[in-house]
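The next block is model.cif, given as mmCIF, C-alpha atoms.
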data_target
loop_
_atom_site.label_atom_id
_atom_site.label_comp_id
_atom_site.auth_asym_id
_atom_site.auth_seq_id
_atom_site.Cartn_x
_atom_site.Cartn_y
_atom_site.Cartn_z
CA MET O 1 36.96 18.27 8.92
CA GLU O 2 34.49 17.41 6.19
CA THR O 3 32.19 20.36 6.83
CA THR O 4 32.58 23.76 5.24
CA VAL O 5 32.07 26.57 7.72
CA ALA O 6 31.26 30.25 7.42
CA ALA O 7 30.98 33.26 9.69
CA VAL O 8 31.12 37.04 9.71
CA ALA O 9 34.79 37.94 10.08
CA THR O 10 34.40 41.64 10.84
CA PRO O 11 33.02 43.45 13.93
CA SER O 12 29.34 44.25 14.16
CA GLY O 13 28.16 47.78 13.50
CA HIS O 14 28.48 50.17 10.57
CA GLY O 15 31.75 50.43 8.66
CA GLY O 16 33.34 50.71 5.26
CA LEU O 17 33.48 46.94 4.74
CA GLY O 18 31.99 43.78 6.16
CA ALA O 19 33.33 40.33 5.33
CA VAL O 20 31.99 36.78 5.41
CA ARG O 21 34.63 34.05 5.49
CA ILE O 22 34.02 30.55 4.08
CA SER O 23 36.49 27.71 4.72
CA GLY O 24 36.44 24.04 3.79
CA VAL O 25 36.48 21.56 0.96
CA ASP O 26 33.27 22.97 -0.60
CA ALA O 27 34.13 26.65 -0.09
CA PHE O 28 34.43 27.36 -3.83
CA SER O 29 31.23 25.62 -4.91
CA ILE O 30 29.23 27.23 -2.09
CA ALA O 31 30.61 30.68 -2.93
CA ASP O 32 29.73 30.19 -6.61
CA LYS O 33 26.08 29.65 -5.60
CA VAL O 34 25.84 33.13 -4.07
CA PHE O 35 28.45 35.21 -5.91
CA CYS O 36 28.29 36.29 -9.55
CA SER O 37 31.33 38.06 -10.99
CA VAL O 38 30.93 40.78 -13.64
CA SER O 39 33.28 38.76 -15.87
CA ALA O 40 31.13 35.62 -15.42
CA ARG O 41 34.24 33.85 -14.11
CA LYS O 42 33.58 31.17 -11.50
CA ILE O 43 35.39 31.17 -8.18
CA ALA O 44 36.15 27.47 -8.67
CA ASP O 45 38.09 28.38 -11.85
CA THR O 46 40.03 31.23 -10.25
CA ALA O 47 43.65 30.92 -9.12
CA GLY O 48 44.57 31.56 -5.50
CA TYR O 49 45.37 35.06 -4.26
CA ARG O 50 42.98 36.56 -6.80
CA ALA O 51 39.99 38.86 -6.37
CA LEU O 52 36.76 38.96 -8.36
CA PHE O 53 34.30 41.85 -8.44
CA GLY O 54 30.59 41.17 -8.72
CA LYS O 55 27.51 40.88 -6.55
CA VAL O 56 25.98 38.57 -3.99
CA VAL O 57 22.65 37.04 -5.01
CA ASN O 58 20.15 35.24 -2.79
CA ASP O 59 17.01 33.62 -4.26
CA GLY O 60 17.59 35.50 -7.49
CA GLU O 61 17.72 38.87 -5.74
CA ALA O 62 20.86 41.01 -5.58
CA VAL O 63 21.99 41.59 -2.01
CA ASP O 64 24.98 43.89 -2.56
CA GLU O 65 28.01 44.55 -4.71
CA ALA O 66 30.95 42.49 -3.47
CA VAL O 67 34.55 41.47 -3.86
CA ALA O 68 35.43 37.79 -3.48
CA LEU O 69 39.00 36.93 -2.42
CA VAL O 70 40.12 33.41 -3.30
CA PHE O 71 42.69 31.37 -1.34
CA ARG O 72 43.51 27.82 -2.42
CA ALA O 73 44.63 25.13 0.01
CA PRO O 74 47.11 24.84 1.59
CA LYS O 75 48.09 28.49 1.08
CA SER O 76 45.40 30.05 3.24
CA TYR O 77 44.92 31.01 6.87
CA THR O 78 43.17 27.73 7.69
CA GLY O 79 45.12 25.56 5.26
CA GLU O 80 41.84 24.85 3.44
CA ASN O 81 40.09 26.40 0.45
CA VAL O 82 38.92 29.82 1.63
CA VAL O 83 36.73 32.52 0.13
CA GLU O 84 36.23 35.90 1.78
CA ILE O 85 33.28 37.91 0.46
CA SER O 86 33.52 41.62 1.25
CA VAL O 87 30.46 43.86 0.98
CA HIS O 88 29.49 47.29 2.27
CA GLY O 89 29.73 47.40 6.06
CA GLY O 90 26.55 47.14 8.10
CA ASP O 91 25.00 44.37 10.17
CA PHE O 92 21.93 43.91 7.98
CA VAL O 93 23.68 43.45 4.65
CA VAL O 94 26.50 41.32 6.10
CA ASN O 95 24.07 39.01 7.86
CA ARG O 96 22.06 38.62 4.66
CA VAL O 97 25.22 37.51 2.89
CA LEU O 98 25.97 35.05 5.69
CA ARG O 99 22.41 33.70 5.50
CA ALA O 100 22.80 33.15 1.76
CA VAL O 101 26.07 31.29 2.30
CA LEU O 102 24.50 29.07 4.98
CA ASP O 103 21.50 28.37 2.74
CA ALA O 104 23.98 27.33 0.04
CA GLY O 105 25.37 24.56 2.24
CA ALA O 106 27.87 26.03 4.70
CA VAL O 107 27.66 25.44 8.47
CA LEU O 108 27.93 28.33 10.94
CA ALA O 109 31.46 28.38 12.37
CA GLU O 110 31.97 28.03 16.10
CA PRO O 111 34.08 30.56 18.08
CA GLY O 112 37.71 30.24 17.03
CA GLU O 113 36.97 27.58 14.43
CA PHE O 114 39.00 29.16 11.63
CA THR O 115 42.08 29.39 13.86
CA LYS O 116 41.38 25.88 15.21
CA ARG O 117 41.44 24.56 11.64
CA ALA O 118 44.71 26.40 11.05
CA TYR O 119 46.13 24.61 14.11
CA LEU O 120 44.79 21.20 13.11
CA ASN O 121 46.11 21.65 9.58
CA GLY O 122 49.60 22.49 10.84
CA LYS O 123 49.57 26.18 9.91
CA MET O 124 50.45 27.13 13.49
CA ASP O 125 50.96 25.45 16.84
CA LEU O 126 48.73 25.92 19.88
CA SER O 127 50.83 28.68 21.46
CA GLN O 128 50.74 30.63 18.20
CA ALA O 129 46.98 30.15 17.97
CA GLU O 130 46.60 31.60 21.46
CA ALA O 131 48.71 34.57 20.35
CA VAL O 132 46.02 35.47 17.81
CA MET O 133 43.65 36.41 20.63
CA ASP O 134 46.45 38.25 22.45
CA ILE O 135 46.87 40.44 19.36
CA ILE O 136 43.14 41.05 19.03
CA SER O 137 42.80 42.02 22.71
CA ALA O 138 46.06 44.05 22.95
CA GLU O 139 45.57 47.44 24.63
CA GLY O 140 49.15 48.75 24.50
CA ASP O 141 52.33 48.67 22.43
CA GLU O 142 54.06 46.04 24.56
CA ALA O 143 50.99 43.79 24.61
CA LEU O 144 50.76 43.97 20.83
CA ARG O 145 54.50 43.36 20.44
CA ALA O 146 54.35 40.37 22.80
CA GLY O 147 51.44 38.88 20.84
CA LEU O 148 53.20 39.36 17.52
CA GLU O 149 56.39 37.79 18.83
CA GLN O 150 54.50 34.79 20.18
CA LEU O 151 52.67 34.44 16.86
CA GLY O 152 56.10 34.54 15.24
CA GLY O 153 57.21 31.61 17.38
CA THR O 154 59.12 32.87 20.44
CA VAL O 155 57.36 30.42 22.75
CA THR O 156 57.71 27.64 20.18
CA LYS O 157 61.43 28.25 19.75
CA LYS O 158 62.13 28.32 23.48
CA CYS O 159 60.13 25.13 24.03
CA LEU O 160 62.01 23.47 21.17
CA GLU O 161 65.35 24.38 22.77
CA ILE O 162 64.31 22.87 26.10
CA LYS O 163 62.69 19.89 24.37
CA GLU O 164 65.95 19.04 22.60
CA LYS O 165 67.80 19.02 25.93
CA MET O 166 65.11 16.87 27.54
CA THR O 167 65.12 14.48 24.59
CA PHE O 168 68.89 14.12 24.83
CA ALA O 169 68.60 13.44 28.58
CA ALA O 170 65.90 10.83 27.94
CA ALA O 171 68.06 9.22 25.24
CA THR O 172 70.98 9.12 27.67
CA VAL O 173 68.85 7.25 30.20
CA ALA O 174 67.60 4.85 27.53
CA ALA O 175 71.13 4.16 26.30
CA PHE O 176 72.38 3.46 29.81
CA SER O 177 69.42 1.16 30.50
CA ASP O 178 70.10 -0.82 27.32
CA PHE O 179 73.88 -0.89 27.69
CA PRO O 180 74.62 -0.58 31.44
CA ASP O 181 78.08 -2.17 31.14
CA GLU O 182 79.39 0.34 28.60
CA GLU O 183 81.79 3.11 29.58
CA PRO O 184 80.15 6.17 31.23
CA GLU O 185 81.62 8.37 28.50
CA PHE O 186 79.58 6.42 25.96
CA SER O 187 76.23 6.83 27.68
CA GLY O 188 76.88 10.25 29.23
CA ILE O 189 75.09 9.13 32.39
CA ASP O 190 77.69 10.86 34.55
CA LYS O 191 76.60 14.21 33.08
CA LEU O 192 72.88 13.59 33.44
CA GLY O 193 72.60 15.56 36.70
CA SER O 194 74.18 18.70 35.25
CA ARG O 195 71.97 18.49 32.16
CA LEU O 196 68.87 18.24 34.31
CA GLU O 197 70.04 21.28 36.30
CA GLU O 198 70.38 23.25 33.04
CA ILE O 199 66.84 22.27 32.05
CA LYS O 200 65.59 23.26 35.51
CA VAL O 201 67.07 26.76 35.20
CA GLU O 202 65.43 27.33 31.81
CA LEU O 203 62.03 26.12 33.03
CA GLU O 204 62.30 28.31 36.13
CA LYS O 205 62.96 31.30 33.87
CA LEU O 206 59.84 30.50 31.83
CA VAL O 207 57.69 30.30 34.96
CA SER O 208 59.20 33.36 36.65
CA ASP O 209 58.61 35.54 33.57
CA TYR O 210 54.90 34.74 33.67
CA ASP O 211 53.96 37.66 35.97
CA VAL O 212 55.74 40.20 33.77
CA GLY O 213 54.14 38.69 30.68
CA ARG O 214 50.70 38.78 32.29
CA MET O 215 51.12 42.46 33.11
CA VAL O 216 52.34 43.22 29.59
CA LYS O 217 49.45 41.39 27.95
CA ASN O 218 46.60 42.16 30.34
CA GLY O 219 47.72 45.44 31.85
CA ILE O 220 49.11 46.27 35.29
CA ASN O 221 46.54 46.22 38.08
CA ALA O 222 47.50 49.44 39.84
CA VAL O 223 45.90 51.06 42.87
CA ILE O 224 46.36 54.60 44.18
CA VAL O 225 46.22 54.72 47.98
CA GLY O 226 47.11 57.22 50.65
CA PRO O 227 45.64 59.49 53.33
CA PRO O 228 42.84 61.96 52.49
CA ASN O 229 43.83 65.12 50.62
CA ALA O 230 47.25 63.80 49.57
CA GLY O 231 46.40 64.32 45.90
CA LYS O 232 45.34 60.79 44.89
CA SER O 233 42.46 61.94 42.71
CA THR O 234 44.61 64.66 41.14
CA LEU O 235 47.17 62.00 40.21
CA MET O 236 44.37 59.82 38.82
CA ASN O 237 43.18 62.69 36.64
CA LEU O 238 46.72 63.46 35.49
CA LEU O 239 47.34 59.88 34.38
CA SER O 240 43.86 59.54 32.82
CA GLY O 241 44.13 62.77 30.90
CA PHE O 242 40.74 64.04 32.08
CA GLU O 243 38.79 64.63 35.30
CA LYS O 244 37.89 61.04 36.18
CA SER O 245 37.92 61.63 39.94
CA ILE O 246 36.31 64.53 41.82
CA VAL O 247 38.90 66.82 43.38
CA THR O 248 38.01 69.16 46.28
CA PRO O 249 39.88 70.54 49.31
CA VAL O 250 37.53 68.51 51.52
CA ALA O 251 39.15 65.42 53.04
CA GLY O 252 37.33 62.18 52.26
CA THR O 253 35.76 63.33 48.95
CA THR O 254 36.48 59.98 47.28
CA ARG O 255 34.30 57.37 49.01
CA ASP O 256 34.48 54.48 46.53
CA VAL O 257 36.89 52.98 44.01
CA VAL O 258 37.17 54.90 40.72
CA GLU O 259 38.64 52.88 37.84
CA GLU O 260 40.19 53.75 34.48
CA THR O 261 42.49 52.09 31.94
CA VAL O 262 45.41 54.33 30.95
CA ASN O 263 48.44 53.90 28.73
CA LEU O 264 51.65 54.91 30.46
CA GLY O 265 54.45 54.81 27.94
CA SER O 266 54.28 51.41 26.27
CA VAL O 267 52.41 49.61 29.06
CA THR O 268 48.79 49.69 30.17
CA LEU O 269 47.68 50.47 33.72
CA LYS O 270 44.33 49.19 35.00
CA LEU O 271 44.25 52.08 37.45
CA CYS O 272 41.93 52.67 40.39
CA ASP O 273 41.66 55.65 42.71
CA THR O 274 40.55 54.72 46.23
CA ALA O 275 39.17 56.34 49.34
CA GLY O 276 41.68 58.00 51.63
CA ILE O 277 42.99 55.58 54.25
CA ARG O 278 42.45 56.83 57.79
CA ASP O 279 40.60 55.92 60.98
CA THR O 280 37.01 57.13 60.65
CA GLU O 281 33.63 56.64 62.30
CA ASP O 282 31.76 57.60 59.11
CA THR O 283 30.01 54.38 57.99
CA VAL O 284 30.22 55.08 54.25
CA GLU O 285 33.82 56.29 54.39
CA LYS O 286 34.78 53.25 56.48
CA ILE O 287 33.50 50.94 53.74
CA GLY O 288 35.59 52.89 51.21
CA VAL O 289 38.71 52.51 53.37
CA GLU O 290 38.12 48.75 53.63
CA ARG O 291 37.83 48.54 49.84
CA SER O 292 41.07 50.50 49.49
CA ARG O 293 42.94 48.02 51.67
CA SER O 294 41.38 45.11 49.80
CA ARG O 295 42.61 46.51 46.47
CA MET O 296 46.11 46.83 47.92
CA ASP O 297 46.15 43.09 48.63
CA THR O 298 45.40 42.11 45.02
CA ALA O 299 47.30 44.79 43.07
CA ASP O 300 50.38 44.36 40.88
CA LEU O 301 51.40 47.92 41.70
CA VAL O 302 50.59 50.20 44.65
CA LEU O 303 51.08 53.95 44.25
CA ALA O 304 51.12 55.29 47.80
CA VAL O 305 50.54 59.03 47.61
CA PHE O 306 51.53 61.30 50.50
CA ASP O 307 51.45 65.08 50.89
CA GLY O 308 55.19 65.74 50.69
CA SER O 309 54.77 69.33 51.86
CA ASP O 310 53.13 68.43 55.17
CA GLY O 311 55.39 65.90 56.90
CA PHE O 312 54.57 62.34 57.97
CA THR O 313 51.74 61.69 60.42
CA ALA O 314 51.26 58.60 62.57
CA GLU O 315 48.67 57.35 60.07
CA ASP O 316 51.16 57.92 57.24
CA GLU O 317 53.73 55.87 59.14
CA ALA O 318 51.22 53.05 59.69
CA LEU O 319 50.28 52.94 56.00
CA SER O 320 53.94 52.94 54.96
CA ASP O 321 54.64 50.02 57.27
CA SER O 322 51.87 48.01 55.58
CA LEU O 323 53.25 48.45 52.06
CA ASN O 324 54.80 45.54 50.17
CA ARG O 325 58.16 46.95 49.07
CA ASP O 326 58.28 44.66 46.01
CA ILE O 327 55.24 46.26 44.37
CA SER O 328 54.92 49.67 46.07
CA LEU O 329 56.04 53.09 44.94
CA VAL O 330 55.83 56.03 47.36
CA VAL O 331 54.75 59.24 45.63
CA PHE O 332 55.72 62.36 47.57
CA ASN O 333 53.18 64.73 46.04
CA LYS O 334 52.78 68.52 46.06
CA SER O 335 56.43 69.30 45.40
CA ASP O 336 55.20 72.68 44.12
CA LYS O 337 54.40 73.56 47.75
CA GLY O 338 57.66 72.42 49.28
CA GLN O 339 60.34 69.76 49.07
CA PRO O 340 59.52 66.59 51.01
CA ASP O 341 61.49 64.56 53.52
CA VAL O 342 61.96 61.22 51.71
CA SER O 343 63.62 59.48 54.65
CA PRO O 344 60.45 57.61 55.76
CA ALA O 345 60.47 55.75 52.44
CA GLU O 346 64.21 55.17 52.41
CA LYS O 347 64.12 53.88 55.99
CA ARG O 348 61.62 51.19 54.92
CA GLY O 349 63.47 50.26 51.73
CA LEU O 350 60.65 51.59 49.54
CA GLN O 351 61.05 53.03 46.05
CA TRP O 352 59.98 56.70 45.91
CA VAL O 353 59.47 59.61 43.55
CA VAL O 354 58.88 63.33 44.11
CA MET O 355 56.31 65.06 41.92
CA SER O 356 53.44 67.51 41.66
CA ALA O 357 50.27 65.94 40.31
CA GLU O 358 48.80 69.44 40.12
CA ASN O 359 51.18 70.68 37.41
CA GLY O 360 52.62 67.38 36.12
CA THR O 361 56.17 67.91 37.38
CA GLY O 362 57.93 64.56 37.85
CA LEU O 363 55.55 62.55 35.65
CA ASP O 364 58.42 61.22 33.54
CA LYS O 365 60.24 60.03 36.67
CA LEU O 366 57.03 58.38 37.90
CA GLN O 367 56.70 56.48 34.62
CA GLU O 368 60.34 55.38 34.80
CA LYS O 369 59.98 54.14 38.38
CA ILE O 370 56.77 52.24 37.57
CA MET O 371 58.42 50.40 34.70
CA GLN O 372 61.43 49.54 36.86
CA LEU O 373 59.28 48.28 39.72
CA THR O 374 57.07 46.13 37.47
CA LYS O 375 60.11 44.87 35.53
CA THR O 376 58.63 46.12 32.28
CA ALA O 377 61.52 48.53 31.67
CA ASN O 378 63.88 47.78 28.80
CA LEU O 379 61.69 44.98 27.51
CA ASN O 380 63.17 43.14 24.56
CA GLY O 381 60.13 41.86 22.73
CA LYS O 382 62.16 39.68 20.38
CA ALA O 383 63.92 37.90 23.21
CA ALA O 384 61.11 37.75 25.76
CA VAL O 385 58.98 34.64 26.16
CA TYR O 386 55.62 35.37 27.75
CA LEU O 387 53.41 32.46 28.79
CA ASN O 388 49.68 32.59 29.38
CA GLU O 389 48.07 30.79 32.33
CA ARG O 390 47.60 27.49 30.48
CA GLN O 391 51.18 27.50 29.21
CA ARG O 392 52.50 28.45 32.64
CA ASN O 393 50.73 25.49 34.22
CA CYS O 394 52.32 23.19 31.64
CA ALA O 395 55.75 24.66 32.38
CA LYS O 396 55.21 24.29 36.13
CA ARG O 397 54.27 20.62 35.75
CA SER O 398 57.32 20.07 33.58
CA LEU O 399 59.52 21.81 36.17
CA LYS O 400 58.02 19.71 38.97
CA CYS O 401 58.92 16.51 37.11
CA ILE O 402 62.47 17.71 36.47
CA ASN O 403 62.90 18.61 40.15
CA GLU O 404 61.68 15.14 41.11
CA ALA O 405 64.06 13.58 38.59
CA ILE O 406 66.98 15.50 40.11
CA ASP O 407 65.95 14.43 43.62
CA CYS O 408 65.55 10.79 42.58
CA ALA O 409 68.93 10.76 40.88
CA GLY O 410 70.47 12.30 44.00
CA VAL O 411 69.16 9.66 46.42
CA GLY O 412 70.03 6.69 44.27
CA PHE O 413 66.78 5.75 42.53
CA THR O 414 67.14 3.57 39.45
CA VAL O 415 67.94 5.24 36.16
CA ASP O 416 64.67 3.93 34.75
CA ALA O 417 62.70 5.81 37.42
CA VAL O 418 64.54 9.01 36.52
CA GLY O 419 63.76 8.34 32.86
CA VAL O 420 60.02 8.10 33.56
CA LEU O 421 60.08 11.51 35.23
CA ILE O 422 61.99 13.04 32.31
CA ASP O 423 59.39 11.61 29.91
CA ASP O 424 56.60 13.16 32.02
CA ALA O 425 58.40 16.51 31.98
CA LEU O 426 58.73 16.26 28.20
CA SER O 427 55.01 15.51 27.78
CA ALA O 428 54.03 18.52 29.90
CA LEU O 429 56.36 20.79 27.94
CA MET O 430 54.97 19.60 24.61
CA GLU O 431 51.46 20.52 25.75
CA ILE O 432 52.48 24.18 25.51
CA THR O 433 52.77 23.99 21.72
CA GLY O 434 50.05 21.37 21.35
CA GLU O 435 52.29 18.51 20.24
CA ARG O 436 50.81 16.40 23.01
CA VAL O 437 47.48 17.82 24.06
CA THR O 438 44.02 16.36 24.58
CA VAL O 439 41.08 17.31 22.41
CA GLU O 440 39.38 18.75 25.50
CA VAL O 441 42.27 21.15 26.15
CA ALA O 442 42.36 22.30 22.52
CA ASN O 443 38.59 22.86 22.51
CA GLU O 444 38.86 24.88 25.72
CA VAL O 445 41.46 27.15 24.09
CA PHE O 446 39.44 27.88 20.98
CA LYS O 447 36.04 28.36 22.57
CA ARG O 448 37.43 31.56 24.15
CA PHE O 449 37.91 33.06 20.67
CA CYS O 450 35.46 35.38 18.98
CA VAL O 451 33.23 34.05 16.20
CA GLY O 452 34.79 34.70 12.79
CA LYS O 453 38.35 34.13 13.96
#
In C-alpha cells, what does this structure look like?
Amino acid sequence: METTVAAVATPSGHGGLGAVRISGVDAFSIADKVFCSVSARKIADTAGYRALFGKVVNDGEAVDEAVALVFRAPKSYTGENVVEISVHGGDFVVNRVLRAVLDAGAVLAEPGEFTKRAYLNGKMDLSQAEAVMDIISAEGDEALRAGLEQLGGTVTKKCLEIKEKMTFAAATVAAFSDFPDEEPEFSGIDKLGSRLEEIKVELEKLVSDYDVGRMVKNGINAVIVGPPNAGKSTLMNLLSGFEKSIVTPVAGTTRDVVEETVNLGSVTLKLCDTAGIRDTEDTVEKIGVERSRSRMDTADLVLAVFDGSDGFTAEDEALSDSLNRDISLVVFNKSDKGQPDVSPAEKRGLQWVVMSAENGTGLDKLQEKIMQLTKTANLNGKAAVYLNERQRNCAKRSLKCINEAIDCAGVGFTVDAVGVLIDDALSALMEITGERVTVEVANEVFKRFCVGK
C-alpha cells in the first residue's frame, strides 16, 4: 500500500463539523502542504495523539479554520500515519478541503478503504471489519450491541476455540499417519470420532444462531394479517406511534401493504400492515389479499389479528390453519369489547395474546410474546455469536466437511482421507476471520462500505 488515500469521513449535509481523513506513508507531508498551524508547527514534527489549530490553505487562499489530529503508525485506525482535518460542517467547504488534499498528492479512497487497510495491517480481522458496518447501520439497541460485541472479537474468539479443536484433530491424524504402529493412547486416534462430534455441535450452533443474529442486526420482517375490520391498522398505528394506516369502520379499507420500521423494546420490527384476508370479487382488493398471503410466506414473524369480541368465522378458521406455528402469534384484539375465546389458537398449538389495540391494553404482553417467538428474549450480547451471510456460508462449508469426515471415519475410510476433510473444514472456518481468504472475497466485503470508512 504505497499510495496515500483521502476521503471525507463525515456524512454529507450541514453540521457542526466536517472531517477529511488522510492515511498512508505520505499523510504528514501532504497535510503540511494544505494545513498551516497558528504556532507554525509542522504536522510532520508533531507527536501522535496531538491536535493542531490553524487553517486550510489552497493555492495561497484560506479555505477555513481547522483542527488537524495527528496519529502516528502503527497507533492509528488504519495502522498507518493518519491525519484528520476537521473544519466547519458543510458540503462545499469540506469538499474544497478534500480537493486541496488530492491536489497535494493524495488519491481518493475507495469505499471501505480505511477499514480495509486496518485489516491488511493487522489492526482487526475480517469479521471485526464487517462489524464496523453493522455498527454504522444499527437501528436498535440489540443490533448496536451485537455489532460492538463482534468488533470486540466474539466471532473471532469462538472461531479460535473451534480452530484449536480442529487443529488438534488434524494433528492427531498426522501423528497416526506418521506413527501407525504406536499405541492408540499416544496418537489419540481412538478419540478422534468424539472430538469431531464436539466440533460438529459447535459449528451447528454457529449456523443455527444465524437467523436470530440476522433479525437482531437487520430487523425482524413482521407482517400483520387477519380478516377485515379485526383492528390490523389500529395495531399498526399503535406500534408505529402515529397514524400510519387509515382506520375506518368500513371493511376492506386497507387495499395495499403499508410499511414502517418500529422499535419494539430493544429489537427492530420491519412492520407491514396488509389488506384483510377474505374471499372477494373486488379486483383491487383481491390483489391486496394476494400480496398479504405473499408477505406471510417470506416473513420472520406473522401477527395474525382477529376480532376477539366477535367469535371465529369459517374464514378465521381457514386463516388460522394456514399459519406457521413457529413464527406466528395470534392477537385476539378488541378485549375492551369482550373477552375472547382463545381455544382456536390453543387447539392449533399457536402462541396467542389478548389485547386492545384501541387503548393499548396488553401491549407489554405482545412485546414479550414477540421476543419469545423470535428467540430474541433474554439475549446475552456478550455471549452471543452472530454471523452474517458470508460468515454463515463459511461455517456451513466447514460443518459439511466435518460431517463428511465423521461419515468417512465411520465406514472405514483411511485416516488420511479423514485428515483431508478436517483440513478443508479448517480452511473454511479460517475464512470467517480472514486468515485464509482470497483477495476477491476481501474486496467484495469492503466495497459494500461507505466512502470515508
**Message:** Evaluate the PyMOL selection byres ((chain O and resi 114) around 8) against this structure - the residues, as a PyMOL selection string, please.
**Reply:** chain O and resi 23+77-78+109+112-113+115-118+452-453
**Point-to-point distance from CA of Leu421 (chain O) to CA of Ile162 (chain O), Å rounded to tenths** = 15.2 Å
Determine, using only C-alpha atoms, which residues of region 356-376 of chain O have any atom at most 9 Å from an atom of region 209-223 of chain O, and tabulate each with its shortest atom pair and distance in Å to one decimal place, rows ordered by chain and then rising number, as CSV.
residue,atom,partner,partner_atom,distance
O:Thr374,CA,O:Val212,CA,7.1
O:Lys375,CA,O:Val212,CA,6.6
O:Thr376,CA,O:Val212,CA,6.8
**Item:** Coordinates-based distance that separates CA of Leu387 (chain O) from CA of Val441 (chain O) (Å, one decimal)
**Value:** 16.1 Å
**Explicit residue set for the PyMOL selection byres ((chain O and resi 169) around 8), as an MDAnalysis selection string** = chainID O and resid 165:168 170:173 192 195:196 422
**Point-to-point distance in Å for CA of Gly410 (chain O) and CA of Gly193 (chain O)** =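 We find that CA of Gly193 (chain O) and CA of Gly410 (chain O) lie 8.3 Å from each other.
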**Prompt:** Excluding same-chain residues fewer than 5 positions from region 89-106 of chain O, what lies within 9 Å of it counting all atoms listed in the file, as a VMD selection string?
**Reply:** chain O and resid 3 to 8 10 to 24 26 to 27 29 to 31 33 to 34 56 to 59 63 to 64
How about saving the chosen residues, C-alpha atoms kept, as a PDB file, keeping the file's coordinate frame?
ATOM      1  CA  THR O   3      32.190  20.360   6.830  1.00  0.00           C
ATOM      2  CA  THR O   4      32.580  23.760   5.240  1.00  0.00           C
ATOM      3  CA  VAL O   5      32.070  26.570   7.720  1.00  0.00           C
ATOM      4  CA  ALA O   6      31.260  30.250   7.420  1.00  0.00           C
ATOM      5  CA  ALA O   7      30.980  33.260   9.690  1.00  0.00           C
ATOM      6  CA  VAL O   8      31.120  37.040   9.710  1.00  0.00           C
ATOM      7  CA  THR O  10      34.400  41.640  10.840  1.00  0.00           C
ATOM      8  CA  PRO O  11      33.020  43.450  13.930  1.00  0.00           C
ATOM      9  CA  SER O  12      29.340  44.250  14.160  1.00  0.00           C
ATOM     10  CA  GLY O  13      28.160  47.780  13.500  1.00  0.00           C
ATOM     11  CA  HIS O  14      28.480  50.170  10.570  1.00  0.00           C
ATOM     12  CA  GLY O  15      31.750  50.430   8.660  1.00  0.00           C
ATOM     13  CA  GLY O  16      33.340  50.710   5.260  1.00  0.00           C
ATOM     14  CA  LEU O  17      33.480  46.940   4.740  1.00  0.00           C
ATOM     15  CA  GLY O  18      31.990  43.780   6.160  1.00  0.00           C
ATOM     16  CA  ALA O  19      33.330  40.330   5.330  1.00  0.00           C
ATOM     17  CA  VAL O  20      31.990  36.780   5.410  1.00  0.00           C
ATOM     18  CA  ARG O  21      34.630  34.050   5.490  1.00  0.00           C
ATOM     19  CA  ILE O  22      34.020  30.550   4.080  1.00  0.00           C
ATOM     20  CA  SER O  23      36.490  27.710   4.720  1.00  0.00           C
ATOM     21  CA  GLY O  24      36.440  24.040   3.790  1.00  0.00           C
ATOM     22  CA  ASP O  26      33.270  22.970  -0.600  1.00  0.00           C
ATOM     23  CA  ALA O  27      34.130  26.650  -0.090  1.00  0.00           C
ATOM     24  CA  SER O  29      31.230  25.620  -4.910  1.00  0.00           C
ATOM     25  CA  ILE O  30      29.230  27.230  -2.090  1.00  0.00           C
ATOM     26  CA  ALA O  31      30.610  30.680  -2.930  1.00  0.00           C
ATOM     27  CA  LYS O  33      26.080  29.650  -5.600  1.00  0.00           C
ATOM     28  CA  VAL O  34      25.840  33.130  -4.070  1.00  0.00           C
ATOM     29  CA  VAL O  56      25.980  38.570  -3.990  1.00  0.00           C
ATOM     30  CA  VAL O  57      22.650  37.040  -5.010  1.00  0.00           C
ATOM     31  CA  ASN O  58      20.150  35.240  -2.790  1.00  0.00           C
ATOM     32  CA  ASP O  59      17.010  33.620  -4.260  1.00  0.00           C
ATOM     33  CA  VAL O  63      21.990  41.590  -2.010  1.00  0.00           C
ATOM     34  CA  ASP O  64      24.980  43.890  -2.560  1.00  0.00           C
TER      35      ASP O  64
END
**Asked** Which residues come within 8 Å of region 300-309 of chain O, counting only C-alpha atoms, excluding same-chain residues fewer than 5 positions away, as a ChimeraX atom specification?
**Response** /O:220-227,229-232,316,327-335,337-341,354,374
**Item:** Ile402 (chain O) environment, 8 Å, all atoms listed in the file, sequence neighbours closer than 3 positions dropped, as a list of chain:residue names
**Value:** O:Leu196, O:Ile199, O:Lys200, O:Ser398, O:Leu399, O:Ala405, O:Ile406, O:Leu421, O:Ile422, O:Ala425
**Request:** Run the PyMOL selection byres ((chain O and resi 368) around 12) mentally over the shown coordinates, then write out the matched residues as a ChimeraX atom specification, using the chain letters and numbers from the document.
**Result:** /O:264-267,329,351-353,362-367,369-378
Could you take the residues named above and write them with C-alpha atoms, as a compact mmCIF listing (two decimals), in the frame of the given file?
# COMPACT_ATOMS: atom_id res chain seq x y z
CA LEU O 264 51.65 54.91 30.46
CA GLY O 265 54.45 54.81 27.94
CA SER O 266 54.28 51.41 26.27
CA VAL O 267 52.41 49.61 29.06
CA LEU O 329 56.04 53.09 44.94
CA GLN O 351 61.05 53.03 46.05
CA TRP O 352 59.98 56.70 45.91
CA VAL O 353 59.47 59.61 43.55
CA GLY O 362 57.93 64.56 37.85
CA LEU O 363 55.55 62.55 35.65
CA ASP O 364 58.42 61.22 33.54
CA LYS O 365 60.24 60.03 36.67
CA LEU O 366 57.03 58.38 37.90
CA GLN O 367 56.70 56.48 34.62
CA LYS O 369 59.98 54.14 38.38
CA ILE O 370 56.77 52.24 37.57
CA MET O 371 58.42 50.40 34.70
CA GLN O 372 61.43 49.54 36.86
CA LEU O 373 59.28 48.28 39.72
CA THR O 374 57.07 46.13 37.47
CA LYS O 375 60.11 44.87 35.53
CA THR O 376 58.63 46.12 32.28
CA ALA O 377 61.52 48.53 31.67
CA ASN O 378 63.88 47.78 28.80
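Remark: for Ala129 (chain O), the closest of the candidate residues O:Gly434, O:Pro228, O:Pro111, O:Pro74 is O:Gly434 (distances computed over all atoms listed in the file).
Of the listed residues O:Glu431, O:Glu259, O:Leu151, O:Ala409, the one whose atoms come nearest to Lys191 (chain O) is O:Ala409, with distances taken using all atoms listed in the file.
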**Best match for closeness to Tyr386 (chain O) among O:Gly419, O:Gly153, O:Gly412, O:Gly54, counting only C-alpha atoms** =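 Of O:Gly419, O:Gly153, O:Gly412, O:Gly54, the one nearest Tyr386 (chain O) is O:Gly153, counting only C-alpha atoms.
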